[in-house]
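S.K.: Provided herewith: data.tsv, TSV, C-alpha atoms and all ligand atoms.
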chain	number	residue	atom	x	y	z
A	1	MET	CA	140.41	-45.89	-67.62
A	2	SER	CA	137.13	-44.05	-67.52
A	3	LEU	CA	134.94	-42.63	-64.78
A	4	ARG	CA	131.90	-42.24	-67.06
A	5	LYS	CA	129.91	-45.03	-65.39
A	6	TYR	CA	130.80	-43.71	-61.94
A	7	ASN	CA	129.50	-40.21	-62.81
A	8	GLN	CA	126.37	-41.50	-64.57
A	9	LYS	CA	125.22	-43.38	-61.48
A	10	ARG	CA	125.37	-40.43	-59.10
A	11	ASP	CA	123.62	-37.09	-58.59
A	12	PHE	CA	126.30	-34.84	-57.10
A	13	THR	CA	123.74	-32.25	-56.05
A	14	LYS	CA	122.43	-34.87	-53.59
A	15	THR	CA	125.39	-36.99	-52.47
A	16	SER	CA	128.58	-35.77	-50.78
A	17	GLU	CA	130.66	-38.35	-52.66
A	18	PRO	CA	133.32	-36.71	-54.91
A	19	ALA	CA	132.60	-36.12	-58.59
A	20	GLY	CA	134.81	-38.29	-60.79
A	21	LYS	CA	137.81	-36.55	-62.30
A	22	LEU	CA	141.00	-38.13	-63.63
A	23	PRO	CA	144.25	-36.77	-62.18
A	24	SER	CA	146.62	-34.81	-64.39
A	25	ALA	CA	149.67	-36.65	-65.76
A	26	LYS	CA	151.88	-34.58	-63.44
A	27	LYS	CA	150.06	-35.69	-60.31
A	28	LYS	CA	150.28	-39.35	-61.34
A	29	LYS	CA	154.06	-39.17	-61.69
A	30	LYS	CA	154.49	-37.65	-58.24
A	31	GLU	CA	153.04	-40.73	-56.57
A	32	PRO	CA	155.05	-43.82	-57.50
A	33	ILE	CA	153.54	-45.84	-54.64
A	34	ALA	CA	149.95	-46.86	-55.25
A	35	SER	CA	147.32	-46.92	-52.53
A	36	TYR	CA	144.34	-49.04	-51.60
A	37	VAL	CA	141.27	-48.50	-49.52
A	38	ILE	CA	138.58	-50.85	-48.25
A	39	HIS	CA	135.24	-49.22	-47.53
A	40	LYS	CA	132.65	-50.92	-45.35
A	41	HIS	CA	129.34	-49.96	-46.93
A	42	ALA	CA	125.96	-50.51	-45.31
A	43	ALA	CA	123.93	-50.32	-48.52
A	44	THR	CA	120.77	-52.42	-49.12
A	45	ARG	CA	123.15	-55.29	-48.46
A	46	LEU	CA	126.20	-54.79	-46.27
A	47	HIS	CA	129.45	-55.29	-48.18
A	48	TYR	CA	133.07	-54.23	-48.34
A	49	ASP	CA	134.47	-52.32	-51.33
A	50	LEU	CA	138.05	-53.19	-52.20
A	51	ARG	CA	139.62	-50.34	-54.19
A	52	LEU	CA	143.10	-50.60	-55.72
A	53	GLU	CA	144.88	-47.66	-57.34
A	54	VAL	CA	145.73	-48.56	-60.94
A	55	ASP	CA	146.64	-45.94	-63.58
A	56	GLY	CA	144.98	-42.98	-61.89
A	57	VAL	CA	141.69	-44.58	-60.82
A	58	LEU	CA	140.52	-46.90	-58.05
A	59	LYS	CA	139.69	-50.30	-59.59
A	60	SER	CA	136.82	-51.55	-57.43
A	61	TRP	CA	135.24	-54.81	-56.27
A	62	ALA	CA	132.28	-55.34	-53.95
A	63	VAL	CA	133.13	-58.13	-51.51
A	64	PRO	CA	129.95	-59.26	-49.66
A	65	LYS	CA	131.76	-61.06	-46.81
A	66	GLY	CA	134.81	-58.80	-46.71
A	67	PRO	CA	138.45	-59.85	-46.78
A	68	SER	CA	139.82	-62.83	-44.86
A	69	LEU	CA	143.33	-63.59	-43.66
A	70	ASN	CA	142.67	-67.33	-43.96
A	71	PRO	CA	144.05	-68.79	-47.22
A	72	ALA	CA	141.26	-71.41	-47.11
A	73	ASP	CA	138.59	-68.70	-47.61
A	74	LYS	CA	137.61	-67.77	-51.15
A	75	ARG	CA	135.72	-64.49	-50.98
A	76	LEU	CA	133.47	-63.50	-53.87
A	77	ALA	CA	134.51	-60.08	-55.28
A	78	VAL	CA	132.19	-58.54	-57.87
A	79	GLU	CA	133.97	-56.04	-60.11
A	80	VAL	CA	132.17	-52.68	-60.19
A	81	GLU	CA	132.86	-49.38	-61.96
A	82	ASP	CA	136.18	-47.54	-61.52
A	83	HIS	CA	136.08	-44.84	-58.84
A	84	PRO	CA	138.06	-41.56	-58.72
A	85	LEU	CA	141.15	-41.44	-56.49
A	86	ASP	CA	139.43	-38.80	-54.29
A	87	TYR	CA	136.89	-41.45	-53.35
A	88	GLY	CA	139.55	-43.07	-51.18
A	89	SER	CA	139.05	-40.43	-48.48
A	90	PHE	CA	135.23	-40.56	-48.53
A	91	GLU	CA	133.49	-41.52	-45.33
A	92	GLY	CA	129.94	-40.61	-44.39
A	93	THR	CA	126.40	-41.18	-45.56
A	94	ILE	CA	125.13	-41.54	-49.12
A	95	PRO	CA	121.51	-40.24	-49.02
A	96	LYS	CA	118.64	-42.73	-49.13
A	97	GLY	CA	117.29	-43.24	-52.65
A	98	GLU	CA	120.63	-42.32	-54.24
A	99	TYR	CA	122.91	-44.93	-55.83
A	100	GLY	CA	124.48	-47.00	-53.02
A	101	GLY	CA	122.51	-45.14	-50.33
A	102	GLY	CA	123.73	-45.93	-46.81
A	103	ASN	CA	126.66	-45.41	-44.45
A	104	VAL	CA	130.30	-45.78	-45.51
A	105	ILE	CA	133.46	-46.00	-43.39
A	106	ILE	CA	137.11	-46.40	-44.34
A	107	TRP	CA	137.63	-49.86	-42.89
A	108	ASP	CA	141.27	-50.11	-44.00
A	109	ARG	CA	143.79	-48.28	-46.17
A	110	GLY	CA	147.46	-48.34	-47.03
A	111	LYS	CA	149.96	-49.19	-49.74
A	112	PHE	CA	149.14	-51.43	-52.70
A	113	LEU	CA	152.03	-53.13	-54.49
A	114	ALA	CA	151.78	-55.12	-57.71
A	115	ASP	CA	153.87	-55.76	-60.78
A	116	ASP	CA	152.08	-54.27	-63.84
A	117	PRO	CA	148.58	-54.62	-62.32
A	118	GLN	CA	146.81	-53.48	-65.51
A	119	LYS	CA	148.31	-56.37	-67.47
A	120	GLN	CA	147.61	-58.89	-64.70
A	121	LEU	CA	143.97	-57.76	-64.46
A	122	GLN	CA	143.49	-58.21	-68.19
A	123	LYS	CA	144.74	-61.77	-67.83
A	124	GLY	CA	142.30	-62.41	-64.97
A	125	LYS	CA	144.81	-63.05	-62.19
A	126	LEU	CA	146.23	-60.29	-60.03
A	127	GLU	CA	148.85	-61.07	-57.41
A	128	PHE	CA	149.46	-58.14	-55.08
A	129	ALA	CA	150.67	-57.12	-51.63
A	130	LEU	CA	149.05	-54.79	-49.13
A	131	GLN	CA	150.67	-52.78	-46.34
A	132	GLY	CA	147.71	-51.38	-44.48
A	133	GLU	CA	146.51	-50.64	-41.00
A	134	LYS	CA	144.59	-53.92	-40.72
A	135	LEU	CA	145.59	-56.05	-43.72
A	136	ALA	CA	149.09	-57.02	-44.79
A	137	GLY	CA	150.84	-59.54	-46.96
A	138	THR	CA	150.04	-61.03	-50.33
A	139	PHE	CA	146.62	-61.68	-51.87
A	140	VAL	CA	145.34	-62.87	-55.19
A	141	LEU	CA	142.29	-61.85	-57.22
A	142	LEU	CA	141.16	-64.57	-59.65
A	143	ARG	CA	138.54	-63.90	-62.34
A	144	LEU	CA	135.88	-66.60	-62.64
A	145	PRO	CA	134.86	-67.81	-66.10
A	146	GLN	CA	132.09	-65.48	-67.40
A	147	LYS	CA	129.99	-68.38	-68.66
A	148	GLU	CA	129.51	-69.66	-65.12
A	149	SER	CA	129.04	-66.39	-63.30
A	150	GLY	CA	127.50	-64.15	-65.98
A	151	LYS	CA	129.08	-61.12	-64.31
A	152	ASN	CA	132.53	-59.80	-63.57
A	153	ASN	CA	132.97	-62.13	-60.66
A	154	TRP	CA	136.35	-62.68	-59.05
A	155	LEU	CA	137.62	-64.50	-55.96
A	156	LEU	CA	139.74	-62.72	-53.34
A	157	ILE	CA	142.11	-65.14	-51.61
A	158	LYS	CA	144.86	-64.62	-49.03
A	159	SER	CA	148.15	-66.20	-50.03
A	160	PRO	CA	149.86	-68.35	-47.41
A	161	ASP	CA	152.54	-66.11	-45.87
A	162	THR	CA	153.53	-64.85	-42.41
A	163	TYR	CA	150.46	-62.53	-42.33
A	164	ALA	CA	148.00	-65.36	-42.96
A	165	LYS	CA	145.80	-66.46	-40.04
A	166	LYS	CA	143.76	-69.65	-39.94
A	167	THR	CA	141.51	-68.57	-37.09
A	168	GLY	CA	139.47	-65.49	-36.28
A	169	ASP	CA	137.62	-63.00	-38.47
A	170	ILE	CA	139.27	-59.61	-38.87
A	171	THR	CA	136.02	-57.98	-40.04
A	172	LYS	CA	134.47	-58.89	-36.66
A	173	SER	CA	137.49	-58.28	-34.40
A	174	LYS	CA	138.25	-54.88	-36.01
A	175	PRO	CA	134.97	-53.29	-37.14
A	176	GLN	CA	135.93	-49.60	-36.81
A	177	SER	CA	137.05	-47.00	-39.32
A	178	VAL	CA	140.84	-46.55	-39.39
A	179	VAL	CA	140.23	-42.82	-39.91
A	180	SER	CA	137.50	-41.78	-37.45
A	181	GLY	CA	137.33	-44.83	-35.18
A	182	TYR	CA	133.56	-45.07	-35.70
A	183	THR	CA	131.67	-48.14	-36.81
A	184	VAL	CA	129.51	-48.06	-39.93
A	185	GLU	CA	126.43	-47.88	-37.67
A	186	GLU	CA	127.80	-44.90	-35.73
A	187	ILE	CA	129.10	-42.75	-38.57
A	188	SER	CA	125.91	-41.03	-39.75
A	189	GLU	CA	124.78	-40.04	-36.26
A	190	VAL	CA	128.20	-38.62	-35.43
A	191	LYS	CA	128.45	-36.57	-38.62
A	192	THR	CA	124.92	-35.22	-38.14
A	193	MET	CA	125.79	-34.16	-34.57
A	194	LYS	CA	128.93	-32.38	-35.78
A	195	ARG	CA	126.91	-30.49	-38.41
A	196	ARG	CA	124.40	-29.36	-35.79
A	197	LYS	CA	127.19	-28.09	-33.53
A	198	ALA	CA	128.90	-26.16	-36.34
B	1	MN	MN	129.67	-50.23	-52.22
Starting from the file, give its structure as structure tokens.
Ligand code: MN

M.R.:
Amino acid sequence: MSLRKYNQKRDFTKTSEPAGKLPSAKKKKKEPIASYVIHKHAATRLHYDLRLEVDGVLKSWAVPKGPSLNPADKRLAVEVEDHPLDYGSFEGTIPKGEYGGGNVIIWDRGKFLADDPQKQLQKGKLEFALQGEKLAGTFVLLRLPQKESGKNNWLLIKSPDTYAKKTGDITKSKPQSVVSGYTVEEISEVKTMKRRKA
């Protein structure tokens, strides 16, 4: 696991995102249950960032359409650089002109459960369960053949279980942050107002 790419892409004198540091071995042992977070990120193109805690970092995928509870939907998930665990609590605005500039909210978060996720990821198929505030149940991430996609492209698919839903779109019915309650459009204005008051 390395956060080199993450740090290279960002100027921490300009963005309020956390600088990438790996946790100490002690801290890792204290937390046997892994976490996940899904950011909604209004960058040049709106997308959702799925981040799963694996071996002290957040493995990350950009999902243009966001997650779906319908097992018939296959959502493209483009693997991006590992992010530091601290990134899981980031919400706010990345300045214009900086890497990923735009508003970010914590769209969902909770527990991430998987059997030896590192090994499964290497094999290109990760089966996992989420216990979050919006999402729950089992999902699968499937890596597409590199020849066809040219990138680290995966598919995110809901497994058929009691949490699966064939109708509706959870990204539309529940657009707010699970932390602040604000939408991705509202978040920058609100934070700016708070700063002015302080
Ligand atoms: Mn993003």

S.K.: Using only C-alpha atoms and all ligand atoms, determine which residues fall within 7 Å of ligand MN 1 (chain B), then list them as a PyMOL selection string.

M.R.: chain A and resi 41+43+47-49+62+100

S.K.: Which residues are close to stretch 127-132 of chain A, i.e. within 8 Å by all atoms listed in the file, leaving aside same-chain residues fewer than 4 positions away? Reply as an MDAnalysis selection string.

M.R.: chainID A and resid 36 108:115 120 136:141

S.K.: Enter the distance from atom CA of A:Trp154 to atom CA of A:Lys40, in Å, rounded to one decimal.

M.R.: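 A separation of 18.4 Å between them.
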
S.K.: Which residues of stretch 73-163 of chain A sit at most 10 Å from stretch 10-14 of chain A, using all atoms listed in the file? Give each one's shortest atom pair and distance in Å (one decimal place), in chain and ascending residue order, as a tab-separated table.

M.R.:
residue	atom	partner	partner_atom	distance
A:Ile94	CA	A:Lys14	CA	8.5
A:Pro95	CA	A:Lys14	CA	7.1
A:Lys96	CA	A:Lys14	CA	9.8
A:Gly97	CA	A:Lys14	CA	9.9
A:Glu98	CA	A:Arg10	CA	7.0
A:Tyr99	CA	A:Arg10	CA	6.1
A:Gly100	CA	A:Arg10	CA	9.0

S.K.: So that each row is one residue of stretch 40-80 of chain A with an atom at most 8 Å from stretch 162-165 of chain A, can you give its shortest atom pair and the distance in Å to one decimal, using all atoms listed in the file, rows by chain and rising number, as CSV?

M.R.:
residue,atom,partner,partner_atom,distance
A:Leu69,CA,A:Ala164,CA,5.0
A:Asn70,CA,A:Lys165,CA,5.1
A:Pro71,CA,A:Ala164,CA,6.7

S.K.: To one decimal place in Å, what is the distance between atom CA of A:Val37 and atom CA of A:Ser89?

M.R.: 8.4 Å

S.K.: Can you work out which one of A:Pro84, A:Gly56, A:Pro67, A:Pro145 has the shortest atom-to-atom distance to A:Pro18, counting only C-alpha atoms?

M.R.: A:Pro84

S.K.: Would you please work out which residue, of A:Leu142, A:Leu155, A:Ile105, A:Ala34, is nearest to A:Lys123 when using all atoms listed in the file?

M.R.: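 Looking at the shortest contact to A:Lys123, the residue is A:Leu142.
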
S.K.: Which value, in Å to one decimal, gives the distance between atom CA of A:Leu22 and atom CA of A:Leu85?

M.R.: 7.9 Å

S.K.: Using all atoms listed in the file, which residue out of A:Ile106, A:Ala19, A:Gly66, A:Val54 lies closest to A:Val179?

M.R.: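 Of the candidates, the smallest distance to A:Val179 is held by A:Ile106.
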
S.K.: For the interface of stretch 27-141 of chain A with stretch 1-6 of chain A (cut-off 10 Å, counting all atoms listed in the file), please tabulate each contacting residue of stretch 27-141 of chain A alongside its nearest pair of atoms and their separation in Å to one decimal, rows sorted by chain and increasing number, as CSV.

M.R.:
residue,atom,partner,partner_atom,distance
A:Val54,CA,A:Met1,CA,8.9
A:Asp55,CA,A:Met1,CA,7.4
A:Gly56,CA,A:Met1,CA,7.9
A:Val57,CA,A:Met1,CA,7.0
A:Leu58,CA,A:Met1,CA,9.6
A:Lys59,CA,A:Met1,CA,9.2
A:Val80,CA,A:Tyr6,CA,9.2
A:Glu81,CA,A:Tyr6,CA,6.0
A:Asp82,CA,A:Leu3,CA,6.0
A:His83,CA,A:Tyr6,CA,6.2
A:Pro84,CA,A:Leu3,CA,6.9

S.K.: Determine the nearest neighbour of A:Glu79 from the options A:Thr167, A:Asn7, A:Leu52, A:Val104, counting all atoms listed in the file.

M.R.: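 Checking each candidate against A:Glu79, we get A:Leu52 as the closest.
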
S.K.: Go through A:Lys21, A:Lys65, A:Arg75, A:Lys174 one by one, measure the shortest atom-to-atom distance of each to A:Glu133 using all atoms listed in the file, and give the residue with the smallest value.

M.R.: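 Closest to A:Glu133, using all atoms listed in the file: A:Lys174.
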
S.K.: So which one's closest to A:Ala42, A:Ser24, A:Asn103, A:Thr183, A:Ser68? Using all atoms listed in the file, please.

M.R.: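 Closest candidate: A:Asn103.
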
S.K.: With all atoms listed in the file as the counted atoms, please give the residues lying no more than 10 Å from A:Leu144, apart from itself and same-chain residues fewer than 6 positions off, as a VMD selection string.

M.R.: chain A and resid 76 to 77 124 to 125 150 to 155

S.K.: Could N, CA, C and O atoms be built for stretch 115-133 of chain A and written out as an mmCIF file, in the coordinates of the input?

M.R.:
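Contents of the output file result-v2.cif:
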data_model
loop_
_atom_site.group_PDB
_atom_site.id
_atom_site.type_symbol
_atom_site.label_atom_id
_atom_site.label_comp_id
_atom_site.auth_asym_id
_atom_site.auth_seq_id
_atom_site.Cartn_x
_atom_site.Cartn_y
_atom_site.Cartn_z
ATOM 1 N N ASP A 115 153.041 -55.889 -59.595
ATOM 2 C CA ASP A 115 153.870 -55.760 -60.780
ATOM 3 C C ASP A 115 152.949 -55.664 -62.009
ATOM 4 O O ASP A 115 152.233 -56.616 -62.318
ATOM 5 N N ASP A 116 152.938 -54.521 -62.668
ATOM 6 C CA ASP A 116 152.080 -54.270 -63.840
ATOM 7 C C ASP A 116 150.631 -54.749 -63.636
ATOM 8 O O ASP A 116 150.162 -55.669 -64.312
ATOM 9 N N PRO A 117 149.935 -54.136 -62.666
ATOM 10 C CA PRO A 117 148.580 -54.620 -62.320
ATOM 11 C C PRO A 117 147.595 -54.585 -63.489
ATOM 12 O O PRO A 117 146.746 -55.487 -63.593
ATOM 13 N N GLN A 118 147.743 -53.580 -64.368
ATOM 14 C CA GLN A 118 146.810 -53.480 -65.510
ATOM 15 C C GLN A 118 146.884 -54.747 -66.376
ATOM 16 O O GLN A 118 145.858 -55.329 -66.740
ATOM 17 N N LYS A 119 148.100 -55.185 -66.634
ATOM 18 C CA LYS A 119 148.310 -56.370 -67.470
ATOM 19 C C LYS A 119 147.791 -57.638 -66.763
ATOM 20 O O LYS A 119 147.133 -58.492 -67.370
ATOM 21 N N GLN A 120 148.076 -57.728 -65.473
ATOM 22 C CA GLN A 120 147.610 -58.890 -64.700
ATOM 23 C C GLN A 120 146.084 -58.963 -64.668
ATOM 24 O O GLN A 120 145.493 -60.041 -64.787
ATOM 25 N N LEU A 121 145.438 -57.792 -64.503
ATOM 26 C CA LEU A 121 143.970 -57.760 -64.460
ATOM 27 C C LEU A 121 143.373 -58.221 -65.786
ATOM 28 O O LEU A 121 142.385 -58.947 -65.811
ATOM 29 N N GLN A 122 143.984 -57.792 -66.878
ATOM 30 C CA GLN A 122 143.490 -58.210 -68.190
ATOM 31 C C GLN A 122 143.563 -59.718 -68.349
ATOM 32 O O GLN A 122 142.709 -60.325 -68.986
ATOM 33 N N LYS A 123 144.581 -60.315 -67.744
ATOM 34 C CA LYS A 123 144.740 -61.770 -67.830
ATOM 35 C C LYS A 123 143.857 -62.520 -66.842
ATOM 36 O O LYS A 123 143.751 -63.738 -66.880
ATOM 37 N N GLY A 124 143.232 -61.780 -65.904
ATOM 38 C CA GLY A 124 142.300 -62.410 -64.970
ATOM 39 C C GLY A 124 142.928 -62.979 -63.716
ATOM 40 O O GLY A 124 142.285 -63.733 -62.991
ATOM 41 N N LYS A 125 144.184 -62.624 -63.450
ATOM 42 C CA LYS A 125 144.810 -63.050 -62.190
ATOM 43 C C LYS A 125 145.761 -61.962 -61.716
ATOM 44 O O LYS A 125 146.765 -61.698 -62.367
ATOM 45 N N LEU A 126 145.400 -61.358 -60.590
ATOM 46 C CA LEU A 126 146.230 -60.290 -60.030
ATOM 47 C C LEU A 126 146.836 -60.739 -58.703
ATOM 48 O O LEU A 126 146.116 -61.038 -57.741
ATOM 49 N N GLU A 127 148.152 -60.799 -58.664
ATOM 50 C CA GLU A 127 148.850 -61.070 -57.410
ATOM 51 C C GLU A 127 149.361 -59.738 -56.879
ATOM 52 O O GLU A 127 149.978 -58.980 -57.626
ATOM 53 N N PHE A 128 149.080 -59.450 -55.617
ATOM 54 C CA PHE A 128 149.460 -58.140 -55.080
ATOM 55 C C PHE A 128 149.741 -58.234 -53.586
ATOM 56 O O PHE A 128 149.391 -59.223 -52.924
ATOM 57 N N ALA A 129 150.389 -57.189 -53.072
ATOM 58 C CA ALA A 129 150.670 -57.120 -51.630
ATOM 59 C C ALA A 129 150.049 -55.856 -51.067
ATOM 60 O O ALA A 129 149.942 -54.837 -51.751
ATOM 61 N N LEU A 130 149.606 -55.943 -49.824
ATOM 62 C CA LEU A 130 149.050 -54.790 -49.130
ATOM 63 C C LEU A 130 149.894 -54.507 -47.886
ATOM 64 O O LEU A 130 150.378 -55.431 -47.228
ATOM 65 N N GLN A 131 150.073 -53.217 -47.607
ATOM 66 C CA GLN A 131 150.670 -52.780 -46.340
ATOM 67 C C GLN A 131 149.710 -51.772 -45.756
ATOM 68 O O GLN A 131 149.788 -50.591 -46.047
ATOM 69 N N GLY A 132 148.757 -52.262 -44.993
ATOM 70 C CA GLY A 132 147.710 -51.380 -44.480
ATOM 71 C C GLY A 132 147.709 -51.320 -42.978
ATOM 72 O O GLY A 132 148.653 -51.766 -42.311
ATOM 73 N N GLU A 133 146.628 -50.756 -42.447
ATOM 74 C CA GLU A 133 146.510 -50.640 -41.000
ATOM 75 C C GLU A 133 145.903 -51.903 -40.393
ATOM 76 O O GLU A 133 146.118 -52.204 -39.228
#
